[in-house]
Amino acid sequence: MRRPILAGAACLAFAAYASAARAAEPVPLAAQGCVGCHGVRGTGSGAIPGIAGRPSTEITATMNAFRANERPGTIMGRIARGYTEADIAAIAAYYATSR
Amino acid sequence: MSHAIPLNPTRRTALRMAGFAAASLVAPLATPGIARAQTTARLVVIGGGFGGATAARYARINHPTLDVTLIEPRTRFITCPYGNLVLAGMRMPDQITHGYDGLRAHGVKIVHDMAAGIDPVAKTVRLAGGQTVAYDRLIVSPGIAIKWGALEGYDEAASQLVPHAWIPGDGSQLALLRRQLEAMPDGGTVGFALPANPFRCPPGPYERISMVASYLKKNKPKSKILALDAKEAFSKQGLFLDGWKALYGDMIEWVPSNKDGKVVRVDAAEMTFVTEFGTRHKVDVANVVPPQSAARIAFEFGLTDQSGWVPVNPATFEAKSVPGIYVVGDANNGTPMPKSGYIASNTSKHAVACAVASLRNEAPPEGVYFNTCYSHVGDEYGISVVGVYRATDKGIVEVPNSGGVSPRGDLPEQRRLEALYADAWYSSITKDMFS
Ligand SMILES: Cc1cc2nc3c(=O)[nH]c(=O)nc-3n(C[C@H](O)[C@H](O)[C@H](O)COP(=O)(O)OP(=O)(O)OC[C@H]3O[C@@H](n4cnc5c(N)ncnc54)[C@H](O)[C@@H]3O)c2cc1C
């Protein structure tokens, strides 16, 4: 997982797009893992909150806080620690535009 | 976003450079009549369960010009997940039963037949009904088979008396076990014979024990559960043992292999388990989680090795013995990943991406494989295990310092939330397969 990390919102969107293009996939593969719980296209499922349409900065900050054990959670800390910064950037950029 | 997946890509580099905005402007290379079959790449998927249904759906959504055919003998898919809640009386069978209309609406061609043979040279799948289906890339997710007779006395006839309920099929195994639990008098003993690793759903037997205990506690509180195990340890063991004690007192006795827990013979007519050291346990209701292997077609296609599972390239899930055939789900040898529905579904998306990359003569994408398995231990009491995995030159490895099980201790809010999240997971993942 060595994807380019670029700063800024526009560039974040580009990072996802570039890694998706490289993966021949319109949705980054890392982001395809979230929907097992977070609902179709990340729109939420029952007690599990939606992530679709959240600003990418918010998703990134939340994932980083889970990763650093700075945000309480039942399960997301264990999950977030498995992903790289580049994965998180791709995930955040994709769900920011997902509806 | 749609972009063509031609068999012999000519604009590959341009597509890659231009990315998806431009790619979506490229019209599918469809030509009328017979020639069409040669210009639209054909992805065939065998098996319409967790791996196969997800693969077919994602192939059509992410690559709308791909011609996708799903081969699955059954018209209704009953999930293993939440089958244990049916045993507990917390769900009805129709709540875990799904159809294929959603996939049809995405343009997946569904053939309700059994794949009976693959010709990797001609690139065709032969169906039991006699038809032949041609493919350019093939994804196979047929699940498991029971190794009948590997546990002495446990054959198909025995399973009509002592159900396994580990492959859903038409639902009759689960229904039989539920009826037997209902018919058992209060004060009876429910016996389980549990297998050595590897097998489908490592925490599954222990969730089942929990759900049977939940049913018994409410309906037949004088009853007992005897769980005889061929292992010394099991998935989420500490959490399950804590939960059993807290919720069910001494109702459940779990006997590991080093305490003579390994069942070596089943006498179905006598409802008796015989252990390694000759102890005979007569029970009132018996459930065997039998030894397993990859589904039969994996053997018939020569995809398995002596382990009984299909060795695959960890970066692509291509079968080591036959390139161009991607084997996902329980049938492959994906250790250290568990044989779970989540892994089957998640890795099938990766296999689709790899199959598409290969059609374009591109390198396979780097993957990250993700699993969460929730288990219900009781009412409002859920626990989980998480794993994030990556392919390396040493095979598939779990990302260090990530994943793991729920924290132990007296944490009612954590358990309550995880039970709720489990329900949300079930709804989400089945929509991700069938909606
Ligand atoms: C009691 C229990 C509880 C479980 N709970 C969970 C859980 O909570 N979470 C979780 O993630 N996992 C859970 N699992 C595991 C999960 O069910 C499996 O890991 C998952 O079903 C594997 O997916 P698969 O695609 O490999 O196989 P399956 O989902 O079994 O699908 C295989 C399909 O292939 C078809 N098929 C077979 N042979 C052929 C052929 N020759 N031609 C065409 N089609 C064919 C079958 O009809 C079937 O529909 C549980 C399992 C059990 C037994």
# chains A, B, ... in the order shown; residues from 1 in each chain; ligands from 1
$ select_by_dssp --residues "range 120-354 of chain B" --states "strand (DSSP E)" --output "ChimeraX atom specification"
/B:124-127,132-134,137-140,144-146,189-194,224-229,252-255,263-267,272-275,280-282,285-288,292-294,325-327
$ write_last_selection --atoms "C-alpha atoms" --output "mmCIF file, in the first residue's frame"
data_model
loop_
_atom_site.group_PDB
_atom_site.id
_atom_site.type_symbol
_atom_site.label_atom_id
_atom_site.label_comp_id
_atom_site.auth_asym_id
_atom_site.auth_seq_id
_atom_site.Cartn_x
_atom_site.Cartn_y
_atom_site.Cartn_z
ATOM 1 C CA THR B 124 -15.894 -22.944 -20.758
ATOM 2 C CA VAL B 125 -17.956 -24.116 -17.803
ATOM 3 C CA ARG B 126 -20.091 -27.171 -18.360
ATOM 4 C CA LEU B 127 -23.393 -27.208 -16.500
ATOM 5 C CA THR B 132 -21.892 -24.720 -21.797
ATOM 6 C CA VAL B 133 -21.005 -21.190 -20.673
ATOM 7 C CA ALA B 134 -17.927 -19.458 -22.115
ATOM 8 C CA ARG B 137 -12.292 -14.801 -16.520
ATOM 9 C CA LEU B 138 -13.831 -17.105 -13.944
ATOM 10 C CA ILE B 139 -14.501 -16.489 -10.238
ATOM 11 C CA VAL B 140 -15.337 -19.556 -8.173
ATOM 12 C CA ILE B 144 -17.497 -26.077 1.565
ATOM 13 C CA ALA B 145 -18.311 -29.761 1.459
ATOM 14 C CA ILE B 146 -18.693 -32.065 4.408
ATOM 15 C CA THR B 189 -28.732 -32.605 27.344
ATOM 16 C CA VAL B 190 -27.780 -31.046 24.018
ATOM 17 C CA GLY B 191 -24.479 -32.445 22.773
ATOM 18 C CA PHE B 192 -22.090 -30.855 20.306
ATOM 19 C CA ALA B 193 -19.189 -32.518 18.497
ATOM 20 C CA LEU B 194 -16.832 -29.792 17.285
ATOM 21 C CA LYS B 224 -27.500 -28.931 29.966
ATOM 22 C CA ILE B 225 -25.127 -28.438 27.080
ATOM 23 C CA LEU B 226 -22.138 -30.715 26.556
ATOM 24 C CA ALA B 227 -19.668 -29.384 23.996
ATOM 25 C CA LEU B 228 -17.016 -31.931 23.015
ATOM 26 C CA ASP B 229 -14.189 -30.311 21.116
ATOM 27 C CA ILE B 252 -22.563 -25.259 29.429
ATOM 28 C CA GLU B 253 -19.736 -27.737 29.848
ATOM 29 C CA TRP B 254 -16.992 -27.320 27.251
ATOM 30 C CA VAL B 255 -14.532 -30.229 27.066
ATOM 31 C CA VAL B 263 -15.238 -37.209 19.398
ATOM 32 C CA VAL B 264 -14.017 -40.064 17.182
ATOM 33 C CA ARG B 265 -17.311 -41.849 16.505
ATOM 34 C CA VAL B 266 -20.955 -40.856 16.231
ATOM 35 C CA ASP B 267 -23.652 -43.431 16.875
ATOM 36 C CA THR B 272 -24.201 -41.167 21.367
ATOM 37 C CA PHE B 273 -20.775 -39.584 20.897
ATOM 38 C CA VAL B 274 -17.704 -41.723 21.543
ATOM 39 C CA THR B 275 -14.478 -39.893 22.416
ATOM 40 C CA ARG B 280 -19.594 -42.665 25.598
ATOM 41 C CA HIS B 281 -21.825 -39.613 25.931
ATOM 42 C CA LYS B 282 -25.520 -40.232 25.339
ATOM 43 C CA VAL B 285 -30.234 -33.684 20.951
ATOM 44 C CA ALA B 286 -26.961 -33.894 19.048
ATOM 45 C CA ASN B 287 -25.296 -31.490 16.645
ATOM 46 C CA VAL B 288 -22.141 -32.388 14.762
ATOM 47 C CA GLN B 292 -14.896 -30.065 6.030
ATOM 48 C CA SER B 293 -13.131 -29.411 2.762
ATOM 49 C CA ALA B 294 -13.602 -27.152 -0.241
ATOM 50 C CA ILE B 325 -9.560 -18.893 -12.300
ATOM 51 C CA TYR B 326 -10.053 -16.925 -9.094
ATOM 52 C CA VAL B 327 -11.145 -18.930 -6.057
#
$ closest_atom_pairs --of "chain B" --to "ligand 1" --cutoff "7 Å" --atoms "only C-alpha atoms and all ligand atoms" --output "JSON lines"
{"residue": "B:Ile46", "atom": "CA", "partner": "ligand 1", "partner_atom_place_in_ligand_line": "43 (C)", "distance": 4.9}
{"residue": "B:Gly47", "atom": "CA", "partner": "ligand 1", "partner_atom_place_in_ligand_line": "34 (O)", "distance": 3.2}
{"residue": "B:Gly48", "atom": "CA", "partner": "ligand 1", "partner_atom_place_in_ligand_line": "49 (O)", "distance": 4.6}
{"residue": "B:Gly49", "atom": "CA", "partner": "ligand 1", "partner_atom_place_in_ligand_line": "31 (O)", "distance": 3.2}
{"residue": "B:Phe50", "atom": "CA", "partner": "ligand 1", "partner_atom_place_in_ligand_line": "25 (O)", "distance": 4.0}
{"residue": "B:Gly51", "atom": "CA", "partner": "ligand 1", "partner_atom_place_in_ligand_line": "25 (O)", "distance": 3.6}
{"residue": "B:Gly52", "atom": "CA", "partner": "ligand 1", "partner_atom_place_in_ligand_line": "25 (O)", "distance": 5.4}
{"residue": "B:Ile71", "atom": "CA", "partner": "ligand 1", "partner_atom_place_in_ligand_line": "43 (C)", "distance": 5.1}
{"residue": "B:Glu72", "atom": "CA", "partner": "ligand 1", "partner_atom_place_in_ligand_line": "44 (N)", "distance": 4.0}
{"residue": "B:Pro73", "atom": "CA", "partner": "ligand 1", "partner_atom_place_in_ligand_line": "44 (N)", "distance": 5.5}
{"residue": "B:Arg74", "atom": "CA", "partner": "ligand 1", "partner_atom_place_in_ligand_line": "47 (O)", "distance": 5.9}
{"residue": "B:Phe77", "atom": "CA", "partner": "ligand 1", "partner_atom_place_in_ligand_line": "49 (O)", "distance": 6.1}
{"residue": "B:Thr79", "atom": "CA", "partner": "ligand 1", "partner_atom_place_in_ligand_line": "17 (O)", "distance": 6.2}
{"residue": "B:Cys80", "atom": "CA", "partner": "ligand 1", "partner_atom_place_in_ligand_line": "52 (C)", "distance": 4.3}
{"residue": "B:Pro81", "atom": "CA", "partner": "ligand 1", "partner_atom_place_in_ligand_line": "5 (N)", "distance": 3.5}
{"residue": "B:Tyr82", "atom": "CA", "partner": "ligand 1", "partner_atom_place_in_ligand_line": "3 (C)", "distance": 6.3}
{"residue": "B:Gly83", "atom": "CA", "partner": "ligand 1", "partner_atom_place_in_ligand_line": "1 (C)", "distance": 5.8}
{"residue": "B:Asn84", "atom": "CA", "partner": "ligand 1", "partner_atom_place_in_ligand_line": "1 (C)", "distance": 5.7}
{"residue": "B:Asp113", "atom": "CA", "partner": "ligand 1", "partner_atom_place_in_ligand_line": "43 (C)", "distance": 6.3}
{"residue": "B:Met114", "atom": "CA", "partner": "ligand 1", "partner_atom_place_in_ligand_line": "42 (N)", "distance": 3.8}
{"residue": "B:Ala115", "atom": "CA", "partner": "ligand 1", "partner_atom_place_in_ligand_line": "42 (N)", "distance": 3.7}
{"residue": "B:Ala116", "atom": "CA", "partner": "ligand 1", "partner_atom_place_in_ligand_line": "41 (N)", "distance": 5.7}
{"residue": "B:Ser141", "atom": "CA", "partner": "ligand 1", "partner_atom_place_in_ligand_line": "25 (O)", "distance": 4.6}
{"residue": "B:Pro142", "atom": "CA", "partner": "ligand 1", "partner_atom_place_in_ligand_line": "34 (O)", "distance": 3.5}
{"residue": "B:Gly143", "atom": "CA", "partner": "ligand 1", "partner_atom_place_in_ligand_line": "27 (O)", "distance": 3.4}
{"residue": "B:Ile144", "atom": "CA", "partner": "ligand 1", "partner_atom_place_in_ligand_line": "30 (O)", "distance": 6.5}
{"residue": "B:Trp166", "atom": "CA", "partner": "ligand 1", "partner_atom_place_in_ligand_line": "53 (C)", "distance": 4.3}
{"residue": "B:Ile167", "atom": "CA", "partner": "ligand 1", "partner_atom_place_in_ligand_line": "53 (C)", "distance": 6.3}
{"residue": "B:Gly169", "atom": "CA", "partner": "ligand 1", "partner_atom_place_in_ligand_line": "47 (O)", "distance": 6.7}
{"residue": "B:Arg200", "atom": "CA", "partner": "ligand 1", "partner_atom_place_in_ligand_line": "19 (O)", "distance": 5.5}
{"residue": "B:Cys201", "atom": "CA", "partner": "ligand 1", "partner_atom_place_in_ligand_line": "15 (C)", "distance": 4.5}
{"residue": "B:Gly204", "atom": "CA", "partner": "ligand 1", "partner_atom_place_in_ligand_line": "3 (C)", "distance": 4.6}
{"residue": "B:Pro205", "atom": "CA", "partner": "ligand 1", "partner_atom_place_in_ligand_line": "1 (C)", "distance": 6.4}
{"residue": "B:Arg208", "atom": "CA", "partner": "ligand 1", "partner_atom_place_in_ligand_line": "1 (C)", "distance": 6.5}
{"residue": "B:Ala295", "atom": "CA", "partner": "ligand 1", "partner_atom_place_in_ligand_line": "38 (N)", "distance": 6.0}
{"residue": "B:Arg296", "atom": "CA", "partner": "ligand 1", "partner_atom_place_in_ligand_line": "38 (N)", "distance": 6.8}
{"residue": "B:Ile297", "atom": "CA", "partner": "ligand 1", "partner_atom_place_in_ligand_line": "41 (N)", "distance": 5.0}
{"residue": "B:Val328", "atom": "CA", "partner": "ligand 1", "partner_atom_place_in_ligand_line": "26 (O)", "distance": 6.4}
{"residue": "B:Gly329", "atom": "CA", "partner": "ligand 1", "partner_atom_place_in_ligand_line": "26 (O)", "distance": 3.4}
{"residue": "B:Asp330", "atom": "CA", "partner": "ligand 1", "partner_atom_place_in_ligand_line": "26 (O)", "distance": 3.9}
{"residue": "B:Ala331", "atom": "CA", "partner": "ligand 1", "partner_atom_place_in_ligand_line": "26 (O)", "distance": 5.8}
{"residue": "B:Lys339", "atom": "CA", "partner": "ligand 1", "partner_atom_place_in_ligand_line": "19 (O)", "distance": 4.6}
{"residue": "B:Ser340", "atom": "CA", "partner": "ligand 1", "partner_atom_place_in_ligand_line": "19 (O)", "distance": 3.2}
{"residue": "B:Gly341", "atom": "CA", "partner": "ligand 1", "partner_atom_place_in_ligand_line": "11 (O)", "distance": 3.4}
{"residue": "B:Tyr342", "atom": "CA", "partner": "ligand 1", "partner_atom_place_in_ligand_line": "11 (O)", "distance": 3.9}
{"residue": "B:Ile343", "atom": "CA", "partner": "ligand 1", "partner_atom_place_in_ligand_line": "11 (O)", "distance": 6.5}
{"residue": "B:Ala344", "atom": "CA", "partner": "ligand 1", "partner_atom_place_in_ligand_line": "23 (O)", "distance": 5.0}
{"residue": "B:Thr372", "atom": "CA", "partner": "ligand 1", "partner_atom_place_in_ligand_line": "11 (O)", "distance": 6.6}
{"residue": "B:Cys373", "atom": "CA", "partner": "ligand 1", "partner_atom_place_in_ligand_line": "9 (N)", "distance": 4.7}
{"residue": "B:Tyr374", "atom": "CA", "partner": "ligand 1", "partner_atom_place_in_ligand_line": "8 (O)", "distance": 5.4}
{"residue": "B:Ser375", "atom": "CA", "partner": "ligand 1", "partner_atom_place_in_ligand_line": "8 (O)", "distance": 6.0}
$ interface_residues --of "chain A" --to "chain B" --cutoff "7 Å" --atoms "only C-alpha atoms" --output "list in words"
Met1, Ala21, Arg22, Ala23, Ala24, Glu25, Pro26, Leu29, Ala30, Gly33, Val35, Gly36, Cys37, His38, Gly39, Val40, Ser45, Gly46, Ala47, Ile48, Thr74, Arg78, Ile79, Arg81 and Gly82 of chain A
$ atom_distance --atom1 "CA of Ile110 in chain B" --atom2 "CA of Leu70 in chain B"
4.9 Å
$ residues_around --residues "Leu176 in chain B" --least-positions-apart "5" --cutoff "10 Å" --atoms "only C-alpha atoms" --output "JSON list (two decimals) with N, CA and C atoms, in the first residue's frame"
[["chain", "number", "residue", "atom", "x", "y", "z"],
["B", 87, "LEU", "N", -32.22, -20.78, 15.55],
["B", 87, "LEU", "CA", -32.27, -21.85, 16.55],
["B", 87, "LEU", "C", -32.76, -21.31, 17.89],
["B", 159, "SER", "N", -26.83, -37.73, 9.27],
["B", 159, "SER", "CA", -27.17, -36.31, 9.42],
["B", 159, "SER", "C", -28.68, -36.06, 9.40],
["B", 160, "GLN", "N", -29.45, -37.09, 9.04],
["B", 160, "GLN", "CA", -30.91, -36.95, 9.14],
["B", 160, "GLN", "C", -31.39, -37.17, 10.57],
["B", 161, "LEU", "N", -30.54, -37.79, 11.41],
["B", 161, "LEU", "CA", -30.86, -37.97, 12.83],
["B", 161, "LEU", "C", -30.11, -36.96, 13.69],
["B", 162, "VAL", "N", -28.86, -36.75, 13.32],
["B", 162, "VAL", "CA", -27.99, -35.82, 14.05],
["B", 162, "VAL", "C", -27.57, -34.75, 13.04],
["B", 163, "PRO", "N", -28.27, -33.64, 13.01],
["B", 163, "PRO", "CA", -27.99, -32.65, 11.96],
["B", 163, "PRO", "C", -26.63, -31.97, 12.16],
["B", 164, "HIS", "N", -26.10, -31.47, 11.04],
["B", 164, "HIS", "CA", -24.92, -30.60, 11.12],
["B", 164, "HIS", "C", -25.37, -29.14, 11.06],
["B", 165, "ALA", "N", -26.33, -28.85, 10.16],
["B", 165, "ALA", "CA", -26.79, -27.47, 9.97],
["B", 165, "ALA", "C", -25.62, -26.53, 9.74],
["B", 171, "GLY", "N", -32.37, -25.45, 3.80],
["B", 171, "GLY", "CA", -32.82, -25.04, 5.12],
["B", 171, "GLY", "C", -33.29, -26.18, 6.00],
["B", 181, "LEU", "N", -34.74, -29.39, 19.20],
["B", 181, "LEU", "CA", -34.60, -28.60, 20.44],
["B", 181, "LEU", "C", -35.98, -28.35, 21.05],
["B", 182, "GLU", "N", -36.95, -28.07, 20.19],
["B", 182, "GLU", "CA", -38.31, -27.81, 20.67],
["B", 182, "GLU", "C", -38.92, -29.06, 21.31]]
$ closest_residue --among "B:Met251, B:Ala196, B:Leu103, B:Ala88" --to "Phe234 in chain B" --atoms "only C-alpha atoms"
B:Ala196
$ closest_residue --among "A:Ala52, A:Cys34, A:Ala68, A:Val27" --to "Ala96 in chain A" --atoms "only C-alpha atoms"
A:Ala52
$ closest_residue --among "A:Asn69, A:Thr62, A:Thr43, A:Ser56" --to "Ala90 in chain A" --atoms "only C-alpha atoms"
A:Ser56
$ select_by_dssp --residues "range 212-420 of chain B" --states "alpha helix (DSSP H)" --output "number ranges by chain"
B: 212-219, 237-248, 296-300, 341-359, 412-420
$ closest_residue --among "A:Phe66, A:Pro72, A:Arg54, A:Ser98" --to "Arg41 in chain A" --atoms "only C-alpha atoms"
A:Ser98
$ residues_around --residues "Thr97 in chain A" --least-positions-apart "2" --cutoff "6 Å" --atoms "only C-alpha atoms" --output "list of chain:residue names"
A:Gly53, A:Tyr94, A:Tyr95
$ write_last_selection --atoms "all heavy atoms" --output "PDB file, in the first residue's frame"
ATOM      1  N   GLY A  53     -21.072  11.053   2.407  1.00  0.00           N
ATOM      2  CA  GLY A  53     -21.353  12.481   2.420  1.00  0.00           C
ATOM      3  C   GLY A  53     -20.697  13.237   3.558  1.00  0.00           C
ATOM      4  O   GLY A  53     -20.850  14.453   3.657  1.00  0.00           O
ATOM      5  N   TYR A  94     -13.394   8.987  -1.047  1.00  0.00           N
ATOM      6  CA  TYR A  94     -14.502   8.280  -1.698  1.00  0.00           C
ATOM      7  C   TYR A  94     -15.826   8.527  -0.969  1.00  0.00           C
ATOM      8  O   TYR A  94     -16.836   8.909  -1.587  1.00  0.00           O
ATOM      9  CB  TYR A  94     -14.216   6.776  -1.799  1.00  0.00           C
ATOM     10  CG  TYR A  94     -15.461   6.014  -2.185  1.00  0.00           C
ATOM     11  CD1 TYR A  94     -15.982   6.114  -3.479  1.00  0.00           C
ATOM     12  CD2 TYR A  94     -16.164   5.258  -1.250  1.00  0.00           C
ATOM     13  CE1 TYR A  94     -17.161   5.467  -3.832  1.00  0.00           C
ATOM     14  CE2 TYR A  94     -17.343   4.609  -1.595  1.00  0.00           C
ATOM     15  CZ  TYR A  94     -17.838   4.717  -2.877  1.00  0.00           C
ATOM     16  OH  TYR A  94     -19.006   4.096  -3.210  1.00  0.00           O
ATOM     17  N   TYR A  95     -15.840   8.357   0.354  1.00  0.00           N
ATOM     18  CA  TYR A  95     -17.121   8.495   1.060  1.00  0.00           C
ATOM     19  C   TYR A  95     -17.598   9.941   1.122  1.00  0.00           C
ATOM     20  O   TYR A  95     -18.804  10.193   1.222  1.00  0.00           O
ATOM     21  CB  TYR A  95     -17.063   7.833   2.448  1.00  0.00           C
ATOM     22  CG  TYR A  95     -17.133   6.332   2.292  1.00  0.00           C
ATOM     23  CD1 TYR A  95     -16.025   5.528   2.497  1.00  0.00           C
ATOM     24  CD2 TYR A  95     -18.315   5.729   1.844  1.00  0.00           C
ATOM     25  CE1 TYR A  95     -16.081   4.160   2.289  1.00  0.00           C
ATOM     26  CE2 TYR A  95     -18.381   4.361   1.627  1.00  0.00           C
ATOM     27  CZ  TYR A  95     -17.263   3.588   1.846  1.00  0.00           C
ATOM     28  OH  TYR A  95     -17.338   2.234   1.615  1.00  0.00           O
TER      29      TYR A  95
END
$ residues_around --residues "Asn258 in chain B" --least-positions-apart "5" --cutoff "9 Å" --atoms "only C-alpha atoms" --output "list in words"
Ala230, Lys231 and Glu232 of chain B
